[in-house]
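Shown next: upload-v7.csv, containing CSV, C-alpha atoms.
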chain,number,residue,atom,x,y,z
R,156,MET,CA,34.5,-26.9,-20.7
R,157,ILE,CA,33.2,-27.3,-17.2
R,158,VAL,CA,35.9,-27.0,-14.5
R,159,CYS,CA,35.5,-29.3,-11.5
R,160,PRO,CA,35.2,-27.3,-8.2
R,161,ASN,CA,37.0,-30.1,-6.3
R,162,CYS,CA,40.0,-31.1,-8.4
R,163,ASN,CA,40.0,-28.4,-11.2
R,164,HIS,CA,39.7,-31.1,-13.9
R,165,GLN,CA,38.4,-29.7,-17.2
R,166,ASN,CA,35.3,-31.8,-18.2
R,167,PRO,CA,33.5,-31.6,-21.6
R,168,ASP,CA,30.3,-29.5,-21.8
R,169,GLY,CA,27.2,-31.4,-20.7
R,170,ALA,CA,29.0,-33.6,-18.2
R,171,ASN,CA,27.1,-34.3,-14.9
R,172,GLN,CA,30.1,-35.4,-12.8
R,173,CYS,CA,33.9,-35.0,-12.9
R,174,GLU,CA,35.7,-37.6,-15.0
R,175,ALA,CA,38.7,-37.5,-12.5
R,176,CYS,CA,37.1,-37.5,-9.0
R,177,TYR,CA,33.4,-38.2,-9.8
R,178,THR,CA,32.3,-35.0,-8.0
R,179,PRO,CA,28.9,-33.7,-9.2
R,180,LEU,CA,29.5,-30.7,-11.5
R,181,PRO,CA,27.5,-27.4,-11.3
R,182,VAL,CA,24.6,-27.2,-13.8
R,183,THR,CA,25.0,-24.2,-16.2
R,184,ALA,CA,22.6,-22.5,-18.5
R,185,SER,CA,22.7,-19.6,-21.0
R,186,CYS,CA,22.0,-16.0,-20.1
R,187,SER,CA,18.8,-14.8,-21.7
R,188,ASN,CA,20.4,-11.4,-22.4
R,189,CYS,CA,23.9,-12.1,-23.6
R,190,GLY,CA,24.0,-15.9,-24.0
R,191,ALA,CA,27.0,-16.3,-21.6
R,192,ALA,CA,27.2,-19.6,-19.6
R,193,VAL,CA,26.0,-19.0,-16.0
R,194,GLN,CA,25.0,-21.4,-13.2
R,195,THR,CA,21.3,-22.2,-12.8
R,196,ASP,CA,21.2,-20.9,-9.2
R,197,ALA,CA,22.8,-17.5,-10.2
R,198,ALA,CA,20.8,-14.4,-9.5
R,199,PHE,CA,22.7,-12.2,-12.0
R,200,CYS,CA,24.8,-12.8,-15.1
R,201,GLY,CA,28.5,-12.4,-14.5
R,202,GLN,CA,29.1,-11.0,-18.0
R,203,CYS,CA,26.3,-8.4,-18.4
R,204,GLY,CA,24.8,-8.2,-14.9
R,205,PHE,CA,21.4,-9.2,-16.3
R,206,ASN,CA,18.8,-10.0,-13.5
R,207,LEU,CA,18.1,-13.8,-14.0
R,208,ARG,CA,15.3,-13.8,-11.4
R,209,PRO,CA,12.8,-11.0,-12.5
R,210,GLY,CA,9.8,-10.5,-10.2
R,211,SER,CA,6.5,-12.0,-11.3
R,212,SER,CA,3.8,-9.6,-12.4
R,213,VAL,CA,0.1,-10.0,-11.6
R,214,PRO,CA,-1.8,-10.9,-14.8
R,215,GLU,CA,-4.5,-8.5,-15.8
R,216,ARG,CA,-8.0,-9.6,-16.6
R,217,GLU,CA,-8.6,-9.9,-20.3
R,218,ALA,CA,-11.4,-8.2,-22.0
R,219,THR,CA,-14.1,-10.2,-23.8
R,220,VAL,CA,-14.5,-9.7,-27.5
R,221,VAL,CA,-18.0,-10.1,-28.9
R,222,PRO,CA,-18.2,-10.5,-32.7
R,223,SER,CA,-20.8,-8.3,-34.5
R,224,SER,CA,-21.8,-7.5,-38.1
R,225,VAL,CA,-20.0,-4.2,-37.9
R,226,GLY,CA,-16.8,-5.3,-36.2
R,227,PRO,CA,-15.5,-6.8,-33.0
R,228,THR,CA,-16.8,-5.1,-29.9
R,229,VAL,CA,-14.7,-5.1,-26.8
R,230,VAL,CA,-16.7,-5.7,-23.6
R,231,SER,CA,-15.0,-4.7,-20.4
R,232,PRO,CA,-15.0,-7.4,-17.7
R,233,LEU,CA,-17.9,-7.4,-15.4
R,234,ILE,CA,-17.6,-5.4,-12.2
R,235,PRO,CA,-19.7,-6.5,-9.2
R,236,ASP,CA,-22.2,-4.0,-7.8
R,237,LEU,CA,-20.9,-2.1,-4.8
R,238,VAL,CA,-22.5,-3.0,-1.5
R,239,SER,CA,-23.4,-0.1,0.7
R,240,PRO,CA,-21.5,-0.4,4.0
R,241,GLU,CA,-23.5,-0.4,7.2
R,242,PRO,CA,-23.1,2.7,9.4
R,243,LEU,CA,-20.4,2.4,12.0
R,244,ILE,CA,-22.3,4.6,14.5
R,245,VAL,CA,-26.0,4.3,15.2
R,246,PRO,CA,-27.5,7.8,15.2
R,247,GLU,CA,-29.2,8.7,18.5
R,248,THR,CA,-32.4,10.6,18.9
R,249,VAL,CA,-31.9,14.2,20.0
R,250,VAL,CA,-34.4,15.4,22.6
R,251,THR,CA,-34.8,19.1,23.0
R,252,ALA,CA,-35.4,20.7,26.5
R,253,ASN,CA,-38.5,22.5,25.3
R,254,PRO,CA,-40.5,20.3,22.9
R,255,GLY,CA,-43.2,21.7,20.7
R,256,PRO,CA,-46.9,21.2,21.2
R,257,ASN,CA,-46.9,18.2,18.9
R,258,LEU,CA,-43.9,16.5,20.5
R,259,GLU,CA,-44.1,14.2,23.5
R,260,LYS,CA,-42.0,15.2,26.5
R,261,THR,CA,-39.3,12.7,27.3
R,262,PRO,CA,-37.4,13.0,30.5
R,263,LEU,CA,-33.7,13.5,30.2
R,264,SER,CA,-31.4,11.0,31.8
R,265,ILE,CA,-28.9,12.5,34.2
R,266,PRO,CA,-25.7,10.4,34.8
R,267,PRO,CA,-25.1,9.6,38.5
R,268,ALA,CA,-22.8,11.8,40.3
R,269,VAL,CA,-19.2,10.5,40.7
R,270,PRO,CA,-18.2,10.3,44.3
R,271,ASP,CA,-15.3,12.6,45.3
R,272,ALA,CA,-12.0,10.9,45.6
R,273,PRO,CA,-10.6,10.6,49.1
R,274,PRO,CA,-8.0,13.2,50.0
R,275,LEU,CA,-4.4,12.2,49.8
R,276,PRO,CA,-2.6,11.7,53.0
R,277,SER,CA,-0.2,14.5,53.9
R,278,VAL,CA,3.5,13.7,53.5
R,279,ALA,CA,6.1,15.3,55.7
R,280,VAL,CA,8.9,16.9,53.7
R,281,THR,CA,12.4,16.7,55.3
R,282,THR,CA,15.2,19.1,54.4
R,283,GLU,CA,18.0,17.0,56.0
R,284,PRO,CA,20.9,16.2,53.7
R,285,VAL,CA,21.1,12.6,52.5
R,286,ALA,CA,24.4,10.9,52.0
R,287,ILE,CA,24.7,9.2,48.6
R,288,SER,CA,27.4,6.5,48.1
R,289,VAL,CA,29.3,7.0,44.8
R,290,ASN,CA,31.4,4.1,43.5
R,291,THR,CA,34.7,5.7,42.3
R,292,THR,CA,36.5,2.5,41.7
R,293,PRO,CA,37.8,2.5,38.1
R,294,PRO,CA,36.6,-0.4,35.9
R,295,VAL,CA,39.0,-3.3,35.5
R,296,ALA,CA,40.4,-3.7,32.1
R,297,GLY,CA,39.0,-6.7,30.1
R,298,GLN,CA,35.7,-6.8,31.9
R,299,PRO,CA,32.6,-5.9,29.8
R,300,THR,CA,30.5,-2.9,30.9
R,301,PRO,CA,27.2,-4.0,32.5
R,302,GLY,CA,24.2,-3.4,30.2
R,303,VAL,CA,26.4,-3.1,27.0
R,304,ALA,CA,26.2,-6.1,24.6
R,305,LYS,CA,29.5,-7.3,23.3
R,306,THR,CA,29.5,-7.5,19.5
R,307,GLN,CA,32.1,-9.5,17.6
R,308,LEU,CA,32.6,-8.6,13.9
R,309,GLN,CA,33.3,-11.6,11.8
R,310,GLN,CA,34.9,-11.0,8.4
R,311,GLN,CA,35.4,-13.5,5.6
R,312,SER,CA,38.9,-14.1,4.4
R,313,ALA,CA,39.4,-14.3,0.6
R,314,ARG,CA,42.5,-15.7,-1.0
R,315,LEU,CA,44.0,-16.7,-4.3
R,316,ILE,CA,45.8,-20.1,-4.9
R,317,HIS,CA,48.4,-20.2,-7.6
R,318,VAL,CA,47.6,-23.4,-9.5
R,319,GLN,CA,51.0,-24.1,-11.0
R,320,THR,CA,52.9,-23.8,-7.6
R,321,ASN,CA,50.0,-24.3,-5.1
R,322,THR,CA,51.1,-20.9,-3.5
R,323,LEU,CA,48.5,-19.3,-1.2
R,324,MET,CA,48.1,-15.5,-1.4
R,325,GLU,CA,45.7,-13.8,1.1
R,326,LEU,CA,43.9,-10.7,-0.2
R,327,PRO,CA,44.5,-7.5,1.8
R,328,HIS,CA,41.6,-6.7,4.2
R,329,ASN,CA,42.2,-2.9,4.2
R,330,LEU,CA,41.8,-2.3,0.5
R,331,SER,CA,38.7,-2.0,-1.6
R,332,VAL,CA,40.6,-2.1,-4.9
R,333,ILE,CA,43.4,-4.7,-5.2
R,334,HIS,CA,45.7,-4.3,-8.2
R,335,ILE,CA,47.1,-7.4,-9.9
R,336,GLY,CA,50.2,-7.2,-12.1
R,337,LYS,CA,54.0,-6.6,-12.0
R,338,PRO,CA,56.1,-3.8,-10.5
R,339,ASN,CA,55.8,-0.5,-12.4
R,340,ASP,CA,56.0,3.3,-11.7
R,341,LEU,CA,52.3,4.0,-12.6
R,342,VAL,CA,50.2,1.6,-10.4
R,343,PRO,CA,52.2,-0.6,-8.0
R,344,PRO,CA,50.6,-4.0,-7.8
R,345,ASP,CA,49.1,-5.3,-4.5
R,346,ILE,CA,49.4,-8.8,-5.9
R,347,ASP,CA,52.8,-9.2,-7.6
R,348,VAL,CA,53.0,-12.2,-10.1
R,349,ALA,CA,56.5,-11.3,-11.3
R,350,GLY,CA,58.0,-14.2,-9.3
R,351,PHE,CA,55.9,-16.9,-11.0
R,352,ALA,CA,56.9,-18.8,-14.2
R,353,ASN,CA,55.5,-17.5,-17.5
R,354,SER,CA,54.9,-14.1,-15.9
R,355,GLU,CA,56.0,-12.4,-19.1
R,356,ILE,CA,52.5,-12.9,-20.5
R,357,VAL,CA,51.0,-10.8,-17.6
R,358,SER,CA,50.8,-7.1,-18.1
R,359,ARG,CA,52.3,-4.7,-15.5
R,360,VAL,CA,48.8,-3.3,-14.9
R,361,HIS,CA,46.7,-6.3,-15.7
R,362,ALA,CA,43.5,-6.6,-13.6
R,363,ASN,CA,41.7,-5.3,-10.5
R,364,LEU,CA,39.8,-7.0,-7.7
R,365,ARG,CA,37.0,-4.8,-6.2
R,366,VAL,CA,35.6,-5.6,-2.8
R,367,GLU,CA,32.1,-4.3,-2.2
R,368,GLY,CA,30.5,-5.5,1.0
R,369,ASP,CA,30.6,-9.3,1.0
R,370,ALA,CA,31.2,-9.6,-2.8
R,371,CYS,CA,34.4,-9.5,-4.8
R,372,TYR,CA,34.5,-8.5,-8.5
R,373,LEU,CA,37.2,-9.1,-11.1
R,374,GLU,CA,37.8,-6.7,-14.0
R,375,ASP,CA,40.4,-6.4,-16.8
R,376,VAL,CA,42.0,-3.0,-17.0
R,377,GLY,CA,43.4,-3.2,-20.5
R,378,SER,CA,45.9,-6.1,-20.4
R,379,SER,CA,47.7,-7.2,-23.5
R,380,ASN,CA,46.9,-10.9,-23.4
R,381,GLY,CA,43.5,-10.7,-21.6
R,382,THR,CA,41.9,-12.1,-18.5
R,383,TYR,CA,39.9,-15.4,-18.4
R,384,VAL,CA,37.4,-16.6,-15.8
R,385,ASN,CA,36.6,-20.4,-16.1
R,386,ASN,CA,38.2,-20.4,-19.6
R,387,THR,CA,35.9,-17.6,-20.7
R,388,PRO,CA,37.5,-14.3,-21.8
R,389,LEU,CA,36.5,-11.2,-19.7
R,390,PRO,CA,35.9,-8.2,-21.9
R,391,LYS,CA,37.7,-5.0,-20.9
R,392,GLY,CA,35.4,-2.7,-18.8
R,393,ASN,CA,33.2,-5.6,-17.7
R,394,ARG,CA,33.4,-7.1,-14.3
R,395,HIS,CA,32.6,-10.6,-13.0
R,396,ARG,CA,31.5,-11.4,-9.5
R,397,LEU,CA,33.8,-14.2,-8.2
R,398,ARG,CA,32.4,-17.3,-6.5
R,399,PRO,CA,34.4,-19.8,-4.5
R,400,GLY,CA,36.2,-22.2,-7.0
R,401,ASP,CA,36.3,-19.7,-9.9
R,402,ARG,CA,39.4,-20.2,-12.1
R,403,ILE,CA,41.2,-17.0,-13.0
R,404,SER,CA,43.8,-17.0,-15.9
R,405,LEU,CA,46.1,-14.0,-16.5
R,406,GLY,CA,46.9,-14.2,-20.2
R,407,LYS,CA,46.4,-16.9,-22.8
R,408,GLY,CA,47.2,-20.5,-22.5
R,409,ASP,CA,46.2,-21.0,-18.9
R,410,LEU,CA,49.9,-20.6,-17.8
R,411,VAL,CA,49.4,-18.2,-14.9
R,412,THR,CA,46.3,-19.4,-13.1
R,413,PHE,CA,44.7,-18.8,-9.7
R,414,LEU,CA,41.7,-20.3,-7.8
R,415,PHE,CA,39.5,-17.9,-5.8
R,416,GLN,CA,38.5,-19.2,-2.4
R,417,VAL,CA,36.7,-17.8,0.7
R,418,SER,CA,37.2,-19.1,4.2
Can you give me the file's structure in the form of structure tokens?
Amino acid sequence: MIVCPNCNHQNPDGANQCEACYTPLPVTASCSNCGAAVQTDAAFCGQCGFNLRPGSSVPEREATVVPSSVGPTVVSPLIPDLVSPEPLIVPETVVTANPGPNLEKTPLSIPPAVPDAPPLPSVAVTTEPVAISVNTTPPVAGQPTPGVAKTQLQQQSARLIHVQTNTLMELPHNLSVIHIGKPNDLVPPDIDVAGFANSEIVSRVHANLRVEGDACYLEDVGSSNGTYVNNTPLPKGNRHRLRPGDRISLGKGDLVTFLFQVS
């Protein structure tokens, strides 16, 4: 099934647009490593983490095989002859001061003398004290310091929407691991689903959301009825990188369902 990112309608596999709202559906393909359904523009598989965009390698030159009566002979590819580079510095002829009887005397060239630089004017040095004005006025609050760039940190806000009641639940900004479940003495939940209908199918310690940089990952931590992403079961120990519009079901039957959104 393909879930519409606009109205959450479940469409049959192979559909190009939603049957309910006619919104174009995302194109999916199979992971070449584990066979899971992934979007064609995905860089990594959400099930096994396989790299779906490996780097291209430069093909090597193939050797030429020449048949012979004894057996095939492999001839390496032709390599062009190396060209001797021209010398970077032209050697100069060294002339000695006392040439031999068979050498012609060549006068040595003497570079012209460099004129002396004019003397610098004398500067009078004063020892009188100089008054320096120091601004002791304290800076006014709210005004930026001159020469310091003002930086504004913008953070994305992630949230879950309970499909059955259309309840909005913002994810905490100060936590890197967000626990989903019901009240217990072992791991208190950060997102408590005990108040929703059919919460009995949700385990007390059900799933975790891990925030790493600008990415959010979902993992099942050993629930009794399982965790599903877009109607696909998420194996225990594996994690799935969430994308806006992903449908998260806690337990079987799609009774406790959330939509992941980023604003």
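With distances restricted to all atoms listed in the file, R:Ser358 is the closest residue to Ser378 of chain R from R:Gln319, R:Ser358, R:Asn393, R:Asn363.
Residues of protein, DNA or RNA having at least one counted atom within 8 Å of (45.4, -14.3, 2.5), given only C-alpha atoms, are Ser312, Ala313, Arg314, Leu315, Leu323, Met324, Glu325, Leu326 and Pro327 of chain R.
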Minimum-distance residue to Phe413 of chain R, chosen among R:Arg208, R:Phe351, R:Pro390, R:Arg359 (using only C-alpha atoms):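 Closest to Phe413 of chain R of all the choices is R:Phe351.
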In Å, how far is it from atom CA of Ala192 of chain R to atom CA of Gln165 of chain R? 15.3 Å
Neighbours of Asn166 of chain R within 12 Å (only C-alpha atoms; same-chain residues fewer than 6 positions away dropped), as JSON, numbers by chain? {"R": [156, 157, 158, 159, 160, 172, 173, 174, 175, 176, 177, 178, 179, 180, 181, 385, 386]}
Keeping C-alpha atoms, export the residues of the selection given above as a PDB file, keeping the file's coordinate frame.
ATOM      1  CA  MET R 156      34.500 -26.900 -20.700  1.00  0.00           C
ATOM      2  CA  ILE R 157      33.200 -27.300 -17.200  1.00  0.00           C
ATOM      3  CA  VAL R 158      35.900 -27.000 -14.500  1.00  0.00           C
ATOM      4  CA  CYS R 159      35.500 -29.300 -11.500  1.00  0.00           C
ATOM      5  CA  PRO R 160      35.200 -27.300  -8.200  1.00  0.00           C
ATOM      6  CA  GLN R 172      30.100 -35.400 -12.800  1.00  0.00           C
ATOM      7  CA  CYS R 173      33.900 -35.000 -12.900  1.00  0.00           C
ATOM      8  CA  GLU R 174      35.700 -37.600 -15.000  1.00  0.00           C
ATOM      9  CA  ALA R 175      38.700 -37.500 -12.500  1.00  0.00           C
ATOM     10  CA  CYS R 176      37.100 -37.500  -9.000  1.00  0.00           C
ATOM     11  CA  TYR R 177      33.400 -38.200  -9.800  1.00  0.00           C
ATOM     12  CA  THR R 178      32.300 -35.000  -8.000  1.00  0.00           C
ATOM     13  CA  PRO R 179      28.900 -33.700  -9.200  1.00  0.00           C
ATOM     14  CA  LEU R 180      29.500 -30.700 -11.500  1.00  0.00           C
ATOM     15  CA  PRO R 181      27.500 -27.400 -11.300  1.00  0.00           C
ATOM     16  CA  ASN R 385      36.600 -20.400 -16.100  1.00  0.00           C
ATOM     17  CA  ASN R 386      38.200 -20.400 -19.600  1.00  0.00           C
TER      18      ASN R 386
END
Mind pulling up the distance from atom CA of Gln202 of chain R to atom CA of Cys189 of chain R?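 A separation of 7.7 Å between them.
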